[in-house]
Structure formats: C-alpha cells, structure tokens
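Listing of query_17.txt; format and content: compact mmCIF, C-alpha atoms.
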```
# COMPACT_ATOMS: atom_id res chain seq x y z
CA MET D 1 14.24 41.10 -32.00
CA SER D 2 12.51 43.06 -29.24
CA SER D 3 14.53 44.78 -26.54
CA THR D 4 12.61 42.80 -23.89
CA THR D 5 13.63 39.48 -25.46
CA ALA D 6 17.22 40.62 -25.74
CA LEU D 7 17.38 41.74 -22.10
CA LEU D 8 15.76 38.55 -20.81
CA THR D 9 18.06 36.39 -22.94
CA ALA D 10 21.15 38.23 -21.73
CA PHE D 11 20.11 38.02 -18.08
CA ALA D 12 19.30 34.31 -18.28
CA TYR D 13 22.53 33.58 -20.17
CA LEU D 14 24.76 35.35 -17.65
CA VAL D 15 23.14 33.85 -14.57
CA THR D 16 22.61 30.26 -15.73
CA LYS D 17 25.87 29.92 -17.66
CA GLY D 18 27.87 31.48 -14.86
CA ALA D 19 26.50 29.48 -11.93
CA PRO D 20 29.18 26.99 -10.80
CA ARG D 21 28.44 23.34 -11.55
CA ARG D 22 31.55 22.19 -9.69
CA PRO D 23 32.86 23.17 -6.27
CA VAL D 24 34.67 26.49 -6.04
CA PHE D 25 37.47 27.58 -3.72
CA HIS D 26 37.87 30.39 -1.21
CA TYR D 27 41.46 31.21 -0.27
CA THR D 28 41.89 32.45 3.29
CA THR D 29 43.83 31.86 6.52
CA ILE D 30 43.52 29.48 9.45
CA GLU D 31 43.15 32.53 11.68
CA ALA D 32 40.03 33.58 9.76
CA LEU D 33 38.66 30.05 9.83
CA PHE D 34 39.07 29.86 13.60
CA ALA D 35 37.80 33.40 14.16
CA GLY D 36 34.35 32.57 12.85
CA ILE D 37 34.20 31.26 9.28
CA ILE D 38 32.94 27.98 10.71
CA SER D 39 31.06 27.55 13.98
CA ASN D 40 28.67 25.15 15.71
CA LYS D 41 27.14 27.96 17.78
CA ARG D 42 25.04 29.58 15.07
CA ASN D 43 21.57 28.64 13.81
CA PRO D 44 21.24 25.42 11.79
CA GLY D 45 22.12 26.16 8.16
CA GLU D 46 24.36 29.07 9.14
CA GLU D 47 27.42 27.14 10.34
CA ILE D 48 29.60 28.76 7.64
CA CYS D 49 29.92 32.54 7.59
CA LEU D 50 31.85 34.34 4.84
CA TRP D 51 32.20 38.07 4.25
CA ALA D 52 31.08 39.94 1.15
CA SER D 53 32.93 43.26 1.17
CA ASN D 54 31.84 46.54 -0.35
CA CYS D 55 33.20 46.74 -3.89
CA GLU D 56 35.16 49.95 -3.28
CA TYR D 57 37.51 48.02 -0.99
CA MET D 58 38.40 45.14 -3.33
CA ASN D 59 41.94 44.45 -4.57
CA ASP D 60 41.29 46.06 -7.98
CA PRO D 61 41.04 49.87 -7.53
CA ASP D 62 38.90 50.04 -10.68
CA GLU D 63 36.46 47.42 -9.41
CA ILE D 64 32.92 47.94 -10.77
CA LYS D 65 34.07 50.93 -12.87
CA THR D 66 35.49 48.43 -15.37
CA GLY D 67 32.17 46.59 -15.26
CA MET D 68 30.18 49.78 -15.81
CA LYS D 69 32.16 50.59 -18.93
CA PHE D 70 31.71 47.01 -20.18
CA ALA D 71 27.96 47.20 -19.50
CA GLU D 72 27.64 50.46 -21.44
CA GLU D 73 29.44 48.99 -24.47
CA PHE D 74 27.50 45.73 -24.33
CA LEU D 75 24.02 47.25 -23.98
CA THR D 76 24.66 50.01 -26.52
CA ASP D 77 25.58 47.35 -29.09
CA LEU D 78 22.81 44.95 -28.06
CA LEU D 79 19.97 47.50 -28.06
CA GLU D 80 21.50 49.69 -30.81
CA GLU D 81 20.99 52.81 -28.72
CA ASP D 82 23.01 54.63 -26.08
CA ALA D 83 22.85 52.89 -22.69
CA LEU D 84 24.99 54.98 -20.38
CA PHE D 85 25.18 55.18 -16.60
CA ALA D 86 24.23 58.53 -15.11
CA GLU D 87 26.99 59.90 -12.87
CA ASP D 88 24.79 59.84 -9.75
CA SER D 89 23.75 56.22 -10.42
CA LYS D 90 27.44 55.23 -10.69
CA ASP D 91 28.21 56.63 -7.25
CA ASN D 92 25.08 55.08 -5.78
CA LEU D 93 25.89 51.66 -7.23
CA LEU D 94 29.42 51.69 -5.81
CA LYS D 95 28.03 52.17 -2.32
CA LYS D 96 25.49 49.36 -2.68
CA ILE D 97 27.46 46.47 -4.24
CA PHE D 98 28.99 43.83 -1.96
CA ILE D 99 31.08 40.98 -3.37
CA LEU D 100 32.22 37.59 -2.08
CA SER D 101 34.92 36.04 -4.26
CA PHE D 102 35.53 32.38 -5.04
CA SER D 103 37.83 30.80 -7.60
CA GLU D 104 37.74 27.81 -9.90
CA CYS D 105 41.46 27.35 -9.10
CA ALA D 106 41.85 24.44 -6.70
CA ASP D 107 45.58 24.78 -6.07
CA GLU D 108 47.36 27.63 -7.87
CA LEU D 109 50.50 29.39 -6.69
CA PRO D 110 49.42 32.97 -7.61
CA MET D 111 46.24 32.46 -5.60
CA TRP D 112 48.19 31.18 -2.60
CA ASN D 113 50.56 34.13 -2.76
CA THR D 114 47.84 36.75 -3.11
CA TYR D 115 45.02 35.41 -0.94
CA GLY D 116 46.44 32.47 1.01
CA LYS D 117 48.95 34.19 3.31
CA GLY D 118 51.88 33.68 0.98
CA GLY D 119 51.29 29.93 0.77
CA LYS D 120 50.83 29.44 4.52
CA GLY D 121 47.06 29.75 4.40
CA ILE D 122 44.26 27.42 3.37
CA ASN D 123 41.54 27.20 0.78
CA LEU D 124 38.00 26.04 1.34
CA GLU D 125 36.30 23.81 -1.24
CA ILE D 126 32.66 24.87 -1.28
CA ASP D 127 29.78 23.42 -3.30
CA LEU D 128 27.45 26.17 -4.52
CA SER D 129 25.82 24.16 -7.31
CA ASP D 130 22.38 24.35 -5.66
CA TYR D 131 22.76 27.72 -3.96
CA LEU D 132 19.68 29.76 -4.89
CA ALA D 133 21.27 33.17 -4.88
CA HIS D 134 18.34 34.95 -6.51
CA LYS D 135 16.05 33.99 -3.61
CA LYS D 136 18.36 35.98 -1.35
CA HIS D 137 18.45 38.93 -3.79
CA GLN D 138 21.98 37.98 -4.74
CA TYR D 139 23.66 37.07 -8.03
CA LEU D 140 26.05 34.16 -8.50
CA ALA D 141 27.99 34.06 -11.75
CA ALA D 142 31.39 33.45 -13.29
CA THR D 143 33.37 36.64 -13.72
CA LEU D 144 33.62 38.15 -17.20
CA TYR D 145 37.03 39.56 -18.11
CA SER D 146 37.01 42.71 -20.19
CA TYR D 147 39.30 41.81 -23.06
CA PRO D 148 39.15 44.15 -26.08
CA ASN D 149 35.99 43.56 -28.14
CA ARG D 150 34.61 41.17 -25.49
CA ALA D 151 31.49 43.32 -24.98
CA ARG D 152 30.71 43.36 -28.71
CA GLY D 153 31.36 39.64 -29.02
CA LEU D 154 29.01 38.87 -26.15
CA SER D 155 26.26 41.09 -27.54
CA GLU D 156 26.50 39.37 -30.94
CA LYS D 157 26.18 36.00 -29.24
CA ILE D 158 23.10 37.16 -27.30
CA LYS D 159 21.53 38.50 -30.50
CA LYS D 160 21.90 35.11 -32.20
CA ILE D 161 20.47 33.28 -29.19
CA SER D 162 17.53 35.74 -29.02
CA GLU D 163 16.57 35.01 -32.63
CA ASN D 164 16.18 31.30 -31.91
CA ALA D 165 12.50 30.31 -32.15
CA ASP D 166 12.71 27.95 -29.18
CA ILE D 167 14.19 30.70 -27.01
CA LYS D 168 11.46 33.13 -28.02
CA GLU D 169 8.80 30.57 -27.12
CA LYS D 170 10.35 29.88 -23.69
CA LEU D 171 10.72 33.57 -22.87
CA LYS D 172 7.31 34.85 -23.95
CA ASP D 173 5.66 33.89 -20.65
CA VAL D 174 8.60 34.61 -18.36
CA GLN D 175 7.57 37.05 -15.65
CA LEU D 176 10.98 38.55 -14.88
CA ASP D 177 11.17 42.29 -14.44
CA VAL D 178 14.47 42.75 -16.24
CA ASP D 179 15.33 46.18 -17.59
CA THR D 180 18.51 47.92 -18.71
CA GLU D 181 19.24 49.10 -15.16
CA ILE D 182 19.08 45.59 -13.70
CA LEU D 183 21.15 44.06 -16.48
CA SER D 184 23.75 46.84 -16.43
CA SER D 185 24.06 46.46 -12.65
CA LEU D 186 24.59 42.71 -13.04
CA LEU D 187 27.27 43.25 -15.68
CA ALA D 188 28.96 45.87 -13.52
CA MET D 189 29.11 43.38 -10.64
CA ILE D 190 30.51 40.41 -12.53
CA THR D 191 32.99 42.07 -14.92
CA LYS D 192 36.65 42.56 -14.07
CA ASN D 193 39.83 43.78 -15.72
CA GLU D 194 41.39 41.13 -18.00
CA TYR D 195 44.65 41.26 -16.02
CA TYR D 196 42.91 39.25 -13.29
CA ASP D 197 41.87 36.44 -15.65
CA TYR D 198 44.24 33.99 -13.92
CA GLU D 199 42.00 34.09 -10.83
CA LYS D 200 39.12 32.33 -12.66
CA GLU D 201 36.80 34.11 -10.27
CA VAL D 202 33.21 33.19 -9.44
CA ARG D 203 31.33 35.98 -7.72
CA LEU D 204 28.46 36.15 -5.28
CA ALA D 205 27.25 39.73 -5.49
CA CYS D 206 24.54 41.57 -3.61
CA ILE D 207 23.02 45.01 -4.13
CA GLY D 208 22.08 46.87 -0.97
CA PRO D 209 22.11 44.24 1.80
CA GLU D 210 19.64 44.72 4.65
CA GLN D 211 22.33 44.61 7.31
CA VAL D 212 25.85 45.99 6.95
CA GLU D 213 28.69 45.23 9.37
CA TYR D 214 32.12 46.88 9.65
CA ARG D 215 35.62 45.49 10.14
CA LEU D 216 39.09 46.97 10.43
CA SER D 217 41.71 45.89 7.88
CA ASN D 218 45.03 47.55 7.00
CA GLY D 219 43.95 50.82 8.58
CA LEU D 220 40.60 50.92 6.77
CA ILE D 221 37.09 50.48 8.18
CA ILE D 222 35.48 48.21 5.58
CA PRO D 223 31.71 47.71 5.19
CA TYR D 224 30.72 44.08 4.65
CA MET D 225 27.79 41.69 4.87
CA ASN D 226 27.62 38.17 6.22
CA VAL D 227 26.86 35.30 3.83
CA PHE D 228 25.73 32.18 5.68
CA LEU D 229 25.94 28.63 4.30
CA GLU D 230 25.09 25.25 5.81
CA LYS D 231 28.06 23.20 6.93
CA GLU D 232 27.50 20.50 4.29
CA LYS D 233 28.58 23.03 1.63
CA LEU D 234 32.18 22.78 2.88
CA LYS D 235 33.72 19.71 1.25
CA SER D 236 37.44 20.00 1.97
CA ILE D 237 40.21 22.25 3.22
CA THR D 238 43.55 22.37 1.40
CA VAL D 239 46.62 23.44 3.37
CA GLY D 240 48.95 25.82 1.50
CA PRO D 241 52.33 24.72 0.09
CA CYS D 242 54.39 26.70 2.63
CA ALA D 243 52.62 25.45 5.75
CA ASP D 244 53.74 22.56 7.95
CA PHE D 245 51.15 20.10 6.68
CA LYS D 246 51.73 17.45 9.32
CA LEU D 247 51.13 19.80 12.23
CA THR D 248 48.59 22.05 10.52
CA GLY D 249 46.58 19.10 9.24
CA LYS D 250 46.53 17.51 12.67
CA SER D 251 45.33 20.70 14.37
CA LEU D 252 42.66 21.24 11.70
CA ARG D 253 41.39 17.69 12.02
CA THR D 254 41.11 17.95 15.79
CA TYR D 255 39.26 21.26 15.59
CA LEU D 256 36.90 20.24 12.79
CA ASP D 257 35.92 17.04 14.58
CA SER D 258 35.26 18.92 17.80
CA ILE D 259 32.66 21.22 16.21
CA GLY D 260 30.82 18.70 14.06
CA PHE D 261 32.65 19.11 10.74
CA GLU D 262 33.88 15.50 10.60
CA HIS D 263 32.79 15.21 6.94
CA VAL D 264 35.35 17.80 5.76
CA GLN D 265 38.48 16.34 4.12
CA ILE D 266 41.90 17.84 4.77
CA LYS D 267 44.26 17.95 1.79
CA GLN D 268 47.82 19.02 1.17
CA SER D 269 48.75 21.37 -1.67
CA LEU D 270 50.50 19.50 -4.48
CA ILE D 271 52.76 22.47 -5.24
CA ASN D 272 56.45 22.21 -4.40
CA TYR D 273 57.37 25.68 -3.27
CA ARG D 274 59.75 27.14 -0.69
CA ASN D 275 58.72 30.60 0.44
```
Can you give me the file's structure in the form of structure tokens?
Amino acid sequence: MSSTTALLTAFAYLVTKGAPRRPVFHYTTIEALFAGIISNKRNPGEEICLWASNCEYMNDPDEIKTGMKFAEEFLTDLLEEDALFAEDSKDNLLKKIFILSFSECADELPMWNTYGKGGKGINLEIDLSDYLAHKKHQYLAATLYSYPNRARGLSEKIKKISENADIKEKLKDVQLDVDTEILSSLLAMITKNEYYDYEKEVRLACIGPEQVEYRLSNGLIIPYMNVFLEKEKLKSITVGPCADFKLTGKSLRTYLDSIGFEHVQIKQSLINYRN
C-alpha cells in the first residue's frame, strides 16, 4: 500500500462518510435569530447567516489540541512512521481554524441546556446534504470522538479499504493534492474529546477565511467568519421545552412570514421539562 493511496483513502473516507445525509440542527436563541441569522435584506442565496468561531474560543478548552494528538496517532500508525506536528505549526493552525457546529440531535435536553438558553431557546433544522463545502475551501464532516484506541482502529480500517482493488482503481487517476499536512489538519478540525459524544456534532470547518469579523461575548472579543446559506436550507424551527410555545410560536410565525420564510415549519419540543 502506497502512502499516497492511504492518504487519499483516508481523506475521501472522512469527508464522504461524515457529510450529513439528513438535516442537522443548530441550537441558538430567538434573539440571535432576530439579530441577523435570517434576513431578507441580503443577496439572494445568503438569507441565512451563521457564525463560525475561531477554535480557541469553543466550549472545549482543549479544542483542536485533542484533534492534533489524534491525528499524530492515526497517521503514525497508518504510514508506519512518525507524523508529528511541529510546535510552530500547532500555534499557526489554532489561529486559522474556524468552526460552525451542528448536531444530529433533534430534541435533546442536554443540548437545550447547554446551547439553547436553558430550554428557552430554539433549534434550526438545516439541510446540508448538498452543501459543497470543498468548493468554499471548507470541510463538512461528522465529528470523531477520541475514545482510547480509536485512532488505531480507524487507521486499521483505512488500511483494509486501501488494499481493495476497486478502491485502488478509482483512486489512481484522482487529482487531489492530499498530503500529511492536509489530512492531519482535517483530523485536528473534526476530532473532539469523547466526553462530548452526546452532542453528536457535525462540523463545518474552515482554515484561514478571507474575511474575519469580531464580536463581543462574555467579556471576550471573538474572531469569527460568516457562513451564508440560501433560505431553502432552513426546514423548521423547534421551540425549546421551557419556552411559552403558544406565544413564541405565534411571534415566530408572524416574523417568518413577513420576511419570506413561509416554508419554515414551527415545532414544539416534545420534552416535558420544568426549568
């Protein structure tokens, strides 16, 4: 097995297997929705605007560092040679990676408590099944969780796939410039500590966006980038279990209809929960 075949196989596996085939969910607040997540005043195809924040400001203080360690273990086992990040490349990567988080969880109490304003927020059902992230120099993939021996298990799986004759035939003419740096960066972006497994996260990650904005949150000035989607990507909005659904749903419906989002369904959380 050549190293080129192994790298190409691993890259294709992570990106194609991880891309969501069903809608995903973004937990947020009505305040954020009204403040600019959706708008009819932007260019066509940019009616939805979500923020991808710099990775150093995510909820996990070891964000990306966990992924770097996972990448080193995975590639060292896959290529049977040391594949370690240089210290300067680690620092550089942390500054460049921006992440927008989605979840496969449609209505889960821990997600409401952590990201949905303690159950008084909302979640947005978004269809990314045909989102061509790579054309925007972004990566869209399901998050890997770094359980013990997960890196070795994944590398063994990639080795077996790489030895398949059909795979070798398909890859021999592929013109992708994939090297250890690109693959290790991808793994660093989509790997997270196993303690966050319950989030069932799907990530849209970008390295070095052309334009960086800044916002103030909890006393920190956070770098972020805008990710624009067409309004048809938004399928429904679920109101959290602690919100007044009758009043909140009515206000959402009125607002959505007024800005051309009539197609968006409004749902009530099925969770019985008193905050």
Contact table range 67-91 of chain D vs range 54-57 of chain D, cut-off 12 Å, shortest pair per residue, all atoms listed in the file, as JSON lines:
```
{"residue": "D:Gly67", "atom": "CA", "partner": "D:Cys55", "partner_atom": "CA", "distance": 11.4}
{"residue": "D:Lys90", "atom": "CA", "partner": "D:Glu56", "partner_atom": "CA", "distance": 11.9}
{"residue": "D:Asp91", "atom": "CA", "partner": "D:Glu56", "partner_atom": "CA", "distance": 10.4}
```
Exercise. So how far away is CA of Tyr198 in chain D from CA of Gly116 in chain D, in Å?
Worked result: 15.2 Å
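With CA of Tyr139 in chain D on one side and CA of Leu229 in chain D on the other, the separation reads 15.1 Å.
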Report, as JSON, the axis-aligned box around all atoms of range 195-211 of chain D present in the file, extended by 6 Å on each side; give centre and edge lengths in Å to one decimal place.
```
{"center_x": 32.1, "center_y": 39.6, "center_z": -4.4, "size_x": 37.0, "size_y": 26.5, "size_z": 35.3}
```
Seminar exercise, completed: Of D:Met111, D:Ala141, D:Ala106, D:Leu154, the one nearest to Lys267 in chain D when counting only C-alpha atoms is D:Ala106
Problem set entry | Neighbour residues at most 12 Å from (16.7, 49.4, -15.9) (all atoms listed in the file) as a PyMOL selection string | chain D and resi 3-4+7-8+75+83-86+89+177-186
